[in-house]
Amino acid sequence: MVTSQARAAAGIDEARLWQRHVAMARLGARSDGGVNRQALSDEDIAARRTLIGWAEARGFACAVDPIGNLFVRRAGTEPGLPPVLTGSHLDSQPTGGKFDGAYGVLAGFEVLEALEDLKLPTRRSIEAVAWTNEEGSRFQPGAMGSAAFVGRMQLPALLDHVDRAGVRLGDALQATLAATPDLARRGLGFDVAAYVEAHIEQGPLLEAERKVIGAVTGIQGSRWFAVEVKGEEAHAGTTPLKIRKDALKAAMSMIGALETLMQDDSDTVRFTVGRFEVSPNSPNTVPGQVFFTIDFRHPDPAVLSRLGDRIEAVCREHARGCAVTVTPTFDAPPIQFARDIVQAVGGAAARLGLPHMDIFSGAFHDAKFIAEIAPTGMIFVPCERGISHNPAENAKPSDLAAGARVLAEVLAELAEK
Ligand SMILES: [Zn+2]
């Protein structure tokens with residue numbers, strides 16, 4: 001058993017995997033070295049065509065489902081069994097990098113090629129998938145392909161979403177599907193034996209700990225809020241401070257108190273006020289209205305409840321005479337990945353002599369949704385200084401290959417089950 005897995009890892013070709021990243025990064029390349037390949041755009045279509053070209057050259061079957069999720073299949077010896085899936089996404093942020101998403105798809109494809117090169121059969125089929133619109137930058141919400149795949153989002157309800165240029169998602173999807181008319185079609189969703197997604201960490205922990213592999217134990221939970229503070233506009237020169245209802249000062253006081261609430265010596269709490277709008281935003285008028293957002297995340301559901309449930313009360317306590325409305329806008333519990341897969345990732349890394357650690361994911365991934373229908377895990381590799389969603393995003397060819405070797409072992413193992 002260990003022998004066949006180790007053989008799978010031995011087929012990974014670091015130079016080939018790197019060249020695939022270089023080729024993929026040309027599609028939507030930015031002049032600053034980054035990538036702008038938004039979902040269902042011409043660049044996304046070009047990336048899909050490229051992957052299909054590589055797959056067909058190796059004799060792998062390709063198929064697409066109604067939301068554009070693209071599957072590349074290496075058939076197993078028992079092709080009727082539910083397949084083992086691996087993959088990620090090919091779309092990027094507008095100021096994205098070369099590795100976020102693309103790595104998971106290309107590492108998955110590299111495993112298929114490695115198995116093919118080694119003529120190593122697997123019992124179950126293994127499929128590398130590119131999920132549609134993970135980033136959610138052109139069309140909201142993100143992780144649309146994986147969420148629709150598991151039935152968490154309904155495709156008809158998404159079709160009328162428009163991008164900033166007014167293009168309907170339904171039309172962009174139609175154009176994407178029409179660009180590869182010969183591709184086999186599949187229904188949305190099917191039985192999956194297991195799912196393993198490789199991804200750059202998008203954080204600084206692996207690099208800081210000098211580890212090459214992160215065995216991802218889960219994805220932290222999120223609670224998001226919108227806060228509206230209503231005070232009273234007044235003349236800045238004439239209105240005494242005592243009788244003002246200054247929405248900006250109230251909001252500052254709330255955010256200060258929330259900072260104190262979220263204080264955490266272990267630095268595990270993630271608390272962000274990312275949008276802040278003042279009205280009327282005039283130098284000589286006491287601000288009458290403020291809108292701000294709260295993005296609060298933590299791996300522990302108890303902490304998410306305890307601190308998240310305090311947010312509204314803290315805002316009210318610091319309202320300074322203003323009216324305040326706190327509206328929850330998003331609530332996602334933490335996800336725990338399948339123990340077997342987390343252990344398989346750590347075990348494979350150990351056998352391959354790769355420094356590894358368990359790690360929690362701070363960001364969402366398609367794996368968050370697939371975990372609802374199948375045993376799921378993720379493999380992280382380091383990215384330089386943890387920088388991601390940025391043209392400067394970078395990763396080492398040797399680390400990318402190391403992650404693919406671990407992925408090869410884990411997929412080969414899961415495909416025998
Ligand atoms: Zn990603």
# chains A, B, ... in the order shown; residues from 1 in each chain; ligands from 1
$ residues_around --residues "A:Ala47" --least-positions-apart "4" --cutoff "12 Å" --atoms "only C-alpha atoms" --output "number ranges by chain"
A: 20-29, 35-43, 51-54, 70, 89-92, 102, 105-106, 130, 132, 176, 179-180
$ residues_near_ligand --ligand "ligand 1" --cutoff "10 Å" --atoms "only C-alpha atoms and all ligand atoms" --output "PDB file with all heavy atoms, in the first residue's frame"
ATOM      1  N   SER A  88      -9.748  23.046  -7.495  1.00  0.00           N
ATOM      2  CA  SER A  88      -9.921  24.358  -6.866  1.00  0.00           C
ATOM      3  C   SER A  88     -10.549  25.243  -7.945  1.00  0.00           C
ATOM      4  O   SER A  88     -11.467  24.778  -8.624  1.00  0.00           O
ATOM      5  CB  SER A  88      -8.573  24.876  -6.355  1.00  0.00           C
ATOM      6  OG  SER A  88      -8.738  25.981  -5.487  1.00  0.00           O
ATOM      7  N   HIS A  89     -10.053  26.439  -8.162  1.00  0.00           N
ATOM      8  CA  HIS A  89     -10.712  27.343  -9.116  1.00  0.00           C
ATOM      9  C   HIS A  89      -9.690  28.012 -10.019  1.00  0.00           C
ATOM     10  O   HIS A  89      -8.532  28.198  -9.638  1.00  0.00           O
ATOM     11  CB  HIS A  89     -11.524  28.401  -8.365  1.00  0.00           C
ATOM     12  CG  HIS A  89     -10.711  29.210  -7.400  1.00  0.00           C
ATOM     13  ND1 HIS A  89     -10.197  30.447  -7.718  1.00  0.00           N
ATOM     14  CD2 HIS A  89     -10.285  28.956  -6.135  1.00  0.00           C
ATOM     15  CE1 HIS A  89      -9.518  30.921  -6.671  1.00  0.00           C
ATOM     16  NE2 HIS A  89      -9.546  30.035  -5.699  1.00  0.00           N
ATOM     17  N   LEU A  90     -10.133  28.407 -11.221  1.00  0.00           N
ATOM     18  CA  LEU A  90      -9.249  29.088 -12.172  1.00  0.00           C
ATOM     19  C   LEU A  90      -9.513  30.584 -12.229  1.00  0.00           C
ATOM     20  O   LEU A  90      -8.752  31.325 -12.844  1.00  0.00           O
ATOM     21  CB  LEU A  90      -9.407  28.481 -13.576  1.00  0.00           C
ATOM     22  CG  LEU A  90      -8.816  27.076 -13.772  1.00  0.00           C
ATOM     23  CD1 LEU A  90      -9.189  26.528 -15.145  1.00  0.00           C
ATOM     24  CD2 LEU A  90      -7.299  27.094 -13.601  1.00  0.00           C
ATOM     25  N   ASP A  91     -10.603  31.055 -11.615  1.00  0.00           N
ATOM     26  CA  ASP A  91     -10.853  32.505 -11.634  1.00  0.00           C
ATOM     27  C   ASP A  91      -9.993  33.179 -10.571  1.00  0.00           C
ATOM     28  O   ASP A  91      -9.520  32.534  -9.624  1.00  0.00           O
ATOM     29  CB  ASP A  91     -12.341  32.821 -11.424  1.00  0.00           C
ATOM     30  CG  ASP A  91     -12.855  32.457 -10.040  1.00  0.00           C
ATOM     31  OD1 ASP A  91     -12.556  31.338  -9.561  1.00  0.00           O
ATOM     32  OD2 ASP A  91     -13.544  33.281  -9.415  1.00  0.00           O
ATOM     33  N   SER A  92      -9.769  34.484 -10.749  1.00  0.00           N
ATOM     34  CA  SER A  92      -8.931  35.240  -9.815  1.00  0.00           C
ATOM     35  C   SER A  92      -9.632  36.532  -9.410  1.00  0.00           C
ATOM     36  O   SER A  92     -10.624  36.929 -10.014  1.00  0.00           O
ATOM     37  CB  SER A  92      -7.580  35.581 -10.460  1.00  0.00           C
ATOM     38  OG  SER A  92      -7.696  36.734 -11.288  1.00  0.00           O
ATOM     39  N   GLN A  93      -9.058  37.175  -8.425  1.00  0.00           N
ATOM     40  CA  GLN A  93      -9.440  38.540  -8.088  1.00  0.00           C
ATOM     41  C   GLN A  93      -8.956  39.458  -9.212  1.00  0.00           C
ATOM     42  O   GLN A  93      -8.050  39.095  -9.961  1.00  0.00           O
ATOM     43  CB  GLN A  93      -8.786  38.955  -6.758  1.00  0.00           C
ATOM     44  CG  GLN A  93      -9.349  38.233  -5.542  1.00  0.00           C
ATOM     45  CD  GLN A  93     -10.698  38.786  -5.116  1.00  0.00           C
ATOM     46  OE1 GLN A  93     -10.947  39.981  -5.183  1.00  0.00           O
ATOM     47  NE2 GLN A  93     -11.585  37.895  -4.690  1.00  0.00           N
ATOM     48  N   GLY A  96      -5.297  39.823  -8.744  1.00  0.00           N
ATOM     49  CA  GLY A  96      -4.924  38.528  -8.181  1.00  0.00           C
ATOM     50  C   GLY A  96      -3.521  38.111  -8.551  1.00  0.00           C
ATOM     51  O   GLY A  96      -2.790  38.826  -9.247  1.00  0.00           O
ATOM     52  N   PHE A  99      -1.289  31.948  -8.250  1.00  0.00           N
ATOM     53  CA  PHE A  99      -1.361  30.662  -7.552  1.00  0.00           C
ATOM     54  C   PHE A  99      -2.689  30.384  -6.837  1.00  0.00           C
ATOM     55  O   PHE A  99      -3.064  29.232  -6.684  1.00  0.00           O
ATOM     56  CB  PHE A  99      -0.209  30.566  -6.539  1.00  0.00           C
ATOM     57  CG  PHE A  99       1.127  30.792  -7.179  1.00  0.00           C
ATOM     58  CD1 PHE A  99       1.737  32.040  -7.153  1.00  0.00           C
ATOM     59  CD2 PHE A  99       1.754  29.763  -7.863  1.00  0.00           C
ATOM     60  CE1 PHE A  99       2.958  32.246  -7.773  1.00  0.00           C
ATOM     61  CE2 PHE A  99       2.976  29.964  -8.493  1.00  0.00           C
ATOM     62  CZ  PHE A  99       3.583  31.217  -8.452  1.00  0.00           C
ATOM     63  N   ASP A 100      -3.349  31.424  -6.383  1.00  0.00           N
ATOM     64  CA  ASP A 100      -4.616  31.253  -5.661  1.00  0.00           C
ATOM     65  C   ASP A 100      -5.613  30.563  -6.589  1.00  0.00           C
ATOM     66  O   ASP A 100      -6.016  31.140  -7.594  1.00  0.00           O
ATOM     67  CB  ASP A 100      -5.132  32.632  -5.215  1.00  0.00           C
ATOM     68  CG  ASP A 100      -6.520  32.577  -4.573  1.00  0.00           C
ATOM     69  OD1 ASP A 100      -7.063  31.467  -4.418  1.00  0.00           O
ATOM     70  OD2 ASP A 100      -7.042  33.653  -4.234  1.00  0.00           O
ATOM     71  N   GLY A 101      -6.003  29.346  -6.265  1.00  0.00           N
ATOM     72  CA  GLY A 101      -6.947  28.599  -7.084  1.00  0.00           C
ATOM     73  C   GLY A 101      -6.262  27.797  -8.159  1.00  0.00           C
ATOM     74  O   GLY A 101      -6.381  26.566  -8.205  1.00  0.00           O
ATOM     75  N   ALA A 102      -5.512  28.486  -9.024  1.00  0.00           N
ATOM     76  CA  ALA A 102      -4.855  27.783 -10.143  1.00  0.00           C
ATOM     77  C   ALA A 102      -4.007  26.627  -9.614  1.00  0.00           C
ATOM     78  O   ALA A 102      -3.970  25.543 -10.220  1.00  0.00           O
ATOM     79  CB  ALA A 102      -3.993  28.761 -10.940  1.00  0.00           C
ATOM     80  N   TYR A 103      -3.344  26.835  -8.481  1.00  0.00           N
ATOM     81  CA  TYR A 103      -2.496  25.773  -7.936  1.00  0.00           C
ATOM     82  C   TYR A 103      -3.281  24.485  -7.683  1.00  0.00           C
ATOM     83  O   TYR A 103      -2.831  23.390  -8.037  1.00  0.00           O
ATOM     84  CB  TYR A 103      -1.800  26.232  -6.647  1.00  0.00           C
ATOM     85  CG  TYR A 103      -1.052  25.099  -5.974  1.00  0.00           C
ATOM     86  CD1 TYR A 103      -0.095  24.363  -6.678  1.00  0.00           C
ATOM     87  CD2 TYR A 103      -1.321  24.736  -4.657  1.00  0.00           C
ATOM     88  CE1 TYR A 103       0.566  23.300  -6.083  1.00  0.00           C
ATOM     89  CE2 TYR A 103      -0.652  23.676  -4.052  1.00  0.00           C
ATOM     90  CZ  TYR A 103       0.284  22.956  -4.774  1.00  0.00           C
ATOM     91  OH  TYR A 103       0.941  21.899  -4.197  1.00  0.00           O
ATOM     92  N   GLY A 104      -4.452  24.602  -7.082  1.00  0.00           N
ATOM     93  CA  GLY A 104      -5.241  23.404  -6.757  1.00  0.00           C
ATOM     94  C   GLY A 104      -5.668  22.638  -7.999  1.00  0.00           C
ATOM     95  O   GLY A 104      -5.682  21.399  -8.005  1.00  0.00           O
ATOM     96  N   ASN A 133     -16.330  30.353 -10.528  1.00  0.00           N
ATOM     97  CA  ASN A 133     -16.507  31.564  -9.718  1.00  0.00           C
ATOM     98  C   ASN A 133     -16.341  31.353  -8.222  1.00  0.00           C
ATOM     99  O   ASN A 133     -17.274  31.528  -7.447  1.00  0.00           O
ATOM    100  CB  ASN A 133     -17.882  32.199  -9.995  1.00  0.00           C
ATOM    101  CG  ASN A 133     -18.044  33.553  -9.301  1.00  0.00           C
ATOM    102  OD1 ASN A 133     -17.059  34.247  -9.020  1.00  0.00           O
ATOM    103  ND2 ASN A 133     -19.286  33.934  -9.028  1.00  0.00           N
ATOM    104  N   GLU A 134     -15.140  31.008  -7.814  1.00  0.00           N
ATOM    105  CA  GLU A 134     -14.870  30.915  -6.373  1.00  0.00           C
ATOM    106  C   GLU A 134     -14.701  32.303  -5.765  1.00  0.00           C
ATOM    107  O   GLU A 134     -15.087  32.547  -4.631  1.00  0.00           O
ATOM    108  CB  GLU A 134     -13.619  30.065  -6.124  1.00  0.00           C
ATOM    109  CG  GLU A 134     -13.434  29.651  -4.666  1.00  0.00           C
ATOM    110  CD  GLU A 134     -12.710  30.685  -3.818  1.00  0.00           C
ATOM    111  OE1 GLU A 134     -12.092  31.614  -4.381  1.00  0.00           O
ATOM    112  OE2 GLU A 134     -12.747  30.580  -2.594  1.00  0.00           O
ATOM    113  N   GLU A 135     -14.091  33.209  -6.538  1.00  0.00           N
ATOM    114  CA  GLU A 135     -13.692  34.491  -5.942  1.00  0.00           C
ATOM    115  C   GLU A 135     -14.869  35.418  -5.662  1.00  0.00           C
ATOM    116  O   GLU A 135     -14.835  36.218  -4.726  1.00  0.00           O
ATOM    117  CB  GLU A 135     -12.672  35.203  -6.838  1.00  0.00           C
ATOM    118  CG  GLU A 135     -11.338  34.460  -6.983  1.00  0.00           C
ATOM    119  CD  GLU A 135     -10.513  34.484  -5.701  1.00  0.00           C
ATOM    120  OE1 GLU A 135     -10.941  35.107  -4.714  1.00  0.00           O
ATOM    121  OE2 GLU A 135      -9.440  33.856  -5.685  1.00  0.00           O
ATOM    122  N   ALA A 143     -17.741  31.187  -4.536  1.00  0.00           N
ATOM    123  CA  ALA A 143     -17.887  29.728  -4.370  1.00  0.00           C
ATOM    124  C   ALA A 143     -19.202  29.229  -4.954  1.00  0.00           C
ATOM    125  O   ALA A 143     -19.804  28.280  -4.467  1.00  0.00           O
ATOM    126  CB  ALA A 143     -17.748  29.319  -2.904  1.00  0.00           C
ATOM    127  N   GLU A 197      -8.434  19.322  -1.663  1.00  0.00           N
ATOM    128  CA  GLU A 197      -8.076  20.545  -2.400  1.00  0.00           C
ATOM    129  C   GLU A 197      -6.714  21.038  -1.943  1.00  0.00           C
ATOM    130  O   GLU A 197      -6.490  21.237  -0.750  1.00  0.00           O
ATOM    131  CB  GLU A 197      -9.144  21.622  -2.143  1.00  0.00           C
ATOM    132  CG  GLU A 197      -8.828  22.958  -2.817  1.00  0.00           C
ATOM    133  CD  GLU A 197     -10.008  23.945  -2.808  1.00  0.00           C
ATOM    134  OE1 GLU A 197     -11.124  23.550  -2.377  1.00  0.00           O
ATOM    135  OE2 GLU A 197      -9.819  25.103  -3.212  1.00  0.00           O
ATOM    136  N   ALA A 198      -5.825  21.245  -2.902  1.00  0.00           N
ATOM    137  CA  ALA A 198      -4.533  21.864  -2.593  1.00  0.00           C
ATOM    138  C   ALA A 198      -4.646  23.363  -2.842  1.00  0.00           C
ATOM    139  O   ALA A 198      -5.327  23.797  -3.777  1.00  0.00           O
ATOM    140  CB  ALA A 198      -3.442  21.267  -3.474  1.00  0.00           C
ATOM    141  N   HIS A 199      -4.009  24.165  -2.011  1.00  0.00           N
ATOM    142  CA  HIS A 199      -4.129  25.621  -2.127  1.00  0.00           C
ATOM    143  C   HIS A 199      -2.910  26.252  -1.476  1.00  0.00           C
ATOM    144  O   HIS A 199      -2.344  25.692  -0.540  1.00  0.00           O
ATOM    145  CB  HIS A 199      -5.407  26.090  -1.404  1.00  0.00           C
ATOM    146  CG  HIS A 199      -5.989  27.352  -1.968  1.00  0.00           C
ATOM    147  ND1 HIS A 199      -5.464  28.587  -1.705  1.00  0.00           N
ATOM    148  CD2 HIS A 199      -7.049  27.565  -2.789  1.00  0.00           C
ATOM    149  CE1 HIS A 199      -6.189  29.512  -2.340  1.00  0.00           C
ATOM    150  NE2 HIS A 199      -7.154  28.916  -3.019  1.00  0.00           N
ATOM    151  N   ILE A 200      -2.509  27.436  -1.963  1.00  0.00           N
ATOM    152  CA  ILE A 200      -1.514  28.190  -1.211  1.00  0.00           C
ATOM    153  C   ILE A 200      -2.163  28.645   0.095  1.00  0.00           C
ATOM    154  O   ILE A 200      -3.385  28.856   0.149  1.00  0.00           O
ATOM    155  CB  ILE A 200      -0.966  29.394  -2.007  1.00  0.00           C
ATOM    156  CG1 ILE A 200      -2.091  30.339  -2.456  1.00  0.00           C
ATOM    157  CG2 ILE A 200      -0.122  28.928  -3.181  1.00  0.00           C
ATOM    158  CD1 ILE A 200      -1.607  31.692  -2.930  1.00  0.00           C
ATOM    159  N   GLU A 201      -1.357  28.808   1.134  1.00  0.00           N
ATOM    160  CA  GLU A 201      -1.926  29.102   2.464  1.00  0.00           C
ATOM    161  C   GLU A 201      -2.657  30.437   2.497  1.00  0.00           C
ATOM    162  O   GLU A 201      -3.656  30.580   3.196  1.00  0.00           O
ATOM    163  CB  GLU A 201      -0.809  29.107   3.516  1.00  0.00           C
ATOM    164  CG  GLU A 201      -1.330  29.349   4.931  1.00  0.00           C
ATOM    165  CD  GLU A 201      -0.239  29.819   5.893  1.00  0.00           C
ATOM    166  OE1 GLU A 201       0.948  29.615   5.618  1.00  0.00           O
ATOM    167  OE2 GLU A 201      -0.609  30.416   6.919  1.00  0.00           O
ATOM    168  N   GLN A 202      -2.157  31.430   1.772  1.00  0.00           N
ATOM    169  CA  GLN A 202      -2.702  32.801   1.821  1.00  0.00           C
ATOM    170  C   GLN A 202      -2.547  33.420   3.201  1.00  0.00           C
ATOM    171  O   GLN A 202      -3.289  34.327   3.578  1.00  0.00           O
ATOM    172  CB  GLN A 202      -4.180  32.842   1.402  1.00  0.00           C
ATOM    173  CG  GLN A 202      -4.424  32.256   0.014  1.00  0.00           C
ATOM    174  CD  GLN A 202      -5.873  32.367  -0.440  1.00  0.00           C
ATOM    175  OE1 GLN A 202      -6.712  31.597   0.014  1.00  0.00           O
ATOM    176  NE2 GLN A 202      -6.157  33.311  -1.305  1.00  0.00           N
ATOM    177  N   ALA A 363      -9.372  31.463   5.426  1.00  0.00           N
ATOM    178  CA  ALA A 363     -10.169  31.899   4.272  1.00  0.00           C
ATOM    179  C   ALA A 363     -11.154  30.808   3.874  1.00  0.00           C
ATOM    180  O   ALA A 363     -10.982  29.647   4.216  1.00  0.00           O
ATOM    181  CB  ALA A 363      -9.237  32.208   3.100  1.00  0.00           C
ATOM    182  N   PHE A 364     -12.179  31.193   3.132  1.00  0.00           N
ATOM    183  CA  PHE A 364     -13.102  30.218   2.542  1.00  0.00           C
ATOM    184  C   PHE A 364     -12.426  29.535   1.361  1.00  0.00           C
ATOM    185  O   PHE A 364     -11.564  30.117   0.713  1.00  0.00           O
ATOM    186  CB  PHE A 364     -14.358  30.898   1.985  1.00  0.00           C
ATOM    187  CG  PHE A 364     -15.172  31.623   2.988  1.00  0.00           C
ATOM    188  CD1 PHE A 364     -15.794  32.807   2.642  1.00  0.00           C
ATOM    189  CD2 PHE A 364     -15.342  31.129   4.257  1.00  0.00           C
ATOM    190  CE1 PHE A 364     -16.571  33.488   3.551  1.00  0.00           C
ATOM    191  CE2 PHE A 364     -16.112  31.806   5.177  1.00  0.00           C
ATOM    192  CZ  PHE A 364     -16.730  32.993   4.820  1.00  0.00           C
ATOM    193  N   HIS A 365     -12.891  28.358   1.071  1.00  0.00           N
ATOM    194  CA  HIS A 365     -12.470  27.661  -0.144  1.00  0.00           C
ATOM    195  C   HIS A 365     -13.642  26.828  -0.631  1.00  0.00           C
ATOM    196  O   HIS A 365     -14.598  26.594   0.113  1.00  0.00           O
ATOM    197  CB  HIS A 365     -11.269  26.761   0.154  1.00  0.00           C
ATOM    198  CG  HIS A 365     -10.054  27.527   0.580  1.00  0.00           C
ATOM    199  ND1 HIS A 365      -9.307  28.269  -0.303  1.00  0.00           N
ATOM    200  CD2 HIS A 365      -9.473  27.700   1.796  1.00  0.00           C
ATOM    201  CE1 HIS A 365      -8.311  28.850   0.348  1.00  0.00           C
ATOM    202  NE2 HIS A 365      -8.395  28.536   1.628  1.00  0.00           N
ATOM    203  N   ASP A 366     -13.539  26.327  -1.873  1.00  0.00           N
ATOM    204  CA  ASP A 366     -14.597  25.449  -2.381  1.00  0.00           C
ATOM    205  C   ASP A 366     -14.782  24.241  -1.464  1.00  0.00           C
ATOM    206  O   ASP A 366     -15.893  23.719  -1.336  1.00  0.00           O
ATOM    207  CB  ASP A 366     -14.257  25.011  -3.812  1.00  0.00           C
ATOM    208  CG  ASP A 366     -14.340  26.180  -4.788  1.00  0.00           C
ATOM    209  OD1 ASP A 366     -15.416  26.792  -4.878  1.00  0.00           O
ATOM    210  OD2 ASP A 366     -13.337  26.497  -5.450  1.00  0.00           O
ATOM    211  N   SER A 388      -1.473  37.254  -0.595  1.00  0.00           N
ATOM    212  CA  SER A 388      -2.377  36.692  -1.595  1.00  0.00           C
ATOM    213  C   SER A 388      -3.427  37.739  -1.950  1.00  0.00           C
ATOM    214  O   SER A 388      -3.510  38.773  -1.299  1.00  0.00           O
ATOM    215  CB  SER A 388      -3.030  35.431  -1.045  1.00  0.00           C
ATOM    216  OG  SER A 388      -3.851  34.837  -2.029  1.00  0.00           O
ATOM    217  N   HIS A 389      -4.240  37.442  -2.984  1.00  0.00           N
ATOM    218  CA  HIS A 389      -5.161  38.459  -3.523  1.00  0.00           C
ATOM    219  C   HIS A 389      -4.355  39.723  -3.820  1.00  0.00           C
ATOM    220  O   HIS A 389      -4.758  40.838  -3.510  1.00  0.00           O
ATOM    221  CB  HIS A 389      -6.315  38.771  -2.544  1.00  0.00           C
ATOM    222  CG  HIS A 389      -7.338  37.681  -2.507  1.00  0.00           C
ATOM    223  ND1 HIS A 389      -8.558  37.804  -1.900  1.00  0.00           N
ATOM    224  CD2 HIS A 389      -7.334  36.446  -3.054  1.00  0.00           C
ATOM    225  CE1 HIS A 389      -9.247  36.676  -2.045  1.00  0.00           C
ATOM    226  NE2 HIS A 389      -8.518  35.843  -2.739  1.00  0.00           N
TER     227      HIS A 389
END
$ select_by_dssp --residues "stretch 340-413 of chain A" --states "strand (DSSP E or B)" --output "ChimeraX atom specification"
/A:356-361,376-381
$ closest_residue --among "A:Thr293, A:Asn69, A:Thr325, A:Asn281" --to "A:Leu173" --atoms "only C-alpha atoms"
A:Asn69
$ residues_around --residues "stretch 236-246 of chain A" --least-positions-apart "6" --cutoff "9 Å" --atoms "only C-alpha atoms" --output "list in words"
Lys230, Pro283, Asn284, Thr285, Val286, Pro287, Gly288, Gln289, Arg320, Gly321 and Cys322 of chain A
$ write_last_selection --atoms "N, CA and C atoms" --output "JSON list (two decimals), in the first residue's frame"
[["chain", "number", "residue", "atom", "x", "y", "z"],
["A", 230, "LYS", "N", -27.45, 56.27, 13.40],
["A", 230, "LYS", "CA", -28.18, 57.47, 12.98],
["A", 230, "LYS", "C", -28.12, 58.50, 14.10],
["A", 283, "PRO", "N", -17.01, 68.90, 5.76],
["A", 283, "PRO", "CA", -16.14, 69.37, 6.84],
["A", 283, "PRO", "C", -16.86, 70.19, 7.91],
["A", 284, "ASN", "N", -18.00, 70.78, 7.60],
["A", 284, "ASN", "CA", -18.62, 71.73, 8.52],
["A", 284, "ASN", "C", -19.96, 71.26, 9.07],
["A", 285, "THR", "N", -20.23, 69.98, 8.89],
["A", 285, "THR", "CA", -21.49, 69.43, 9.40],
["A", 285, "THR", "C", -21.20, 68.27, 10.34],
["A", 286, "VAL", "N", -21.85, 68.27, 11.49],
["A", 286, "VAL", "CA", -21.75, 67.13, 12.42],
["A", 286, "VAL", "C", -22.31, 65.91, 11.68],
["A", 287, "PRO", "N", -21.52, 64.82, 11.60],
["A", 287, "PRO", "CA", -21.97, 63.65, 10.84],
["A", 287, "PRO", "C", -23.28, 63.09, 11.40],
["A", 288, "GLY", "N", -24.27, 62.97, 10.51],
["A", 288, "GLY", "CA", -25.57, 62.49, 10.94],
["A", 288, "GLY", "C", -25.74, 61.00, 10.80],
["A", 289, "GLN", "N", -24.89, 60.39, 9.97],
["A", 289, "GLN", "CA", -25.10, 58.98, 9.69],
["A", 289, "GLN", "C", -23.77, 58.28, 9.38],
["A", 320, "ARG", "N", -23.98, 56.80, 22.26],
["A", 320, "ARG", "CA", -23.91, 58.25, 22.55],
["A", 320, "ARG", "C", -25.15, 58.99, 22.08],
["A", 321, "GLY", "N", -26.30, 58.43, 22.37],
["A", 321, "GLY", "CA", -27.54, 59.11, 22.03],
["A", 321, "GLY", "C", -28.02, 58.89, 20.61],
["A", 322, "CYS", "N", -27.21, 58.22, 19.80],
["A", 322, "CYS", "CA", -27.62, 57.93, 18.42],
["A", 322, "CYS", "C", -28.44, 56.64, 18.40]]
$ residues_around --residues "stretch 186-190 of chain A" --least-positions-apart "4" --cutoff "10 Å" --atoms "only C-alpha atoms" --output "list in words"
Ala63, Val64, Asp65, Pro66, Ile67, Gly68, Asn69, Leu70, Phe71, Pro82, Pro83, Gly145, Ser146, Ala147, Ala148, Phe149, Val150, Gly151, Leu155 and Ile373 of chain A
$ residues_around --residues "stretch 207-213 of chain A" --least-positions-apart "4" --cutoff "12 Å" --atoms "only C-alpha atoms" --output "ChimeraX atom specification"
/A:198-203,342,345-350,352-359,378-387,395-407
$ closest_residue --among "A:Asp32, A:Asp340, A:Glu110, A:Asp265" --to "A:Ala194" --atoms "only C-alpha atoms"
A:Asp340
$ residues_around --residues "A:Ala8" --least-positions-apart "2" --cutoff "8 Å" --atoms "only C-alpha atoms" --output "list in words"
Ser4, Gln5, Ala6, Ala10, Gly11, Ile12, Val111, Ala114, Leu115, Leu118, Leu120, Arg405, Ala408, Glu409 and Ala412 of chain A
$ select_by_dssp --residues "stretch 190-282 of chain A" --states "helix (DSSP H, G or I)" --output "ChimeraX atom specification"
/A:205-209,241-243,247-261
$ residues_around --residues "A:Val192" --least-positions-apart "4" --cutoff "10 Å" --atoms "only C-alpha atoms" --output "JSON, numbers by chain"
{"A": [81, 82, 83, 84, 85, 370, 373, 374, 375, 376]}
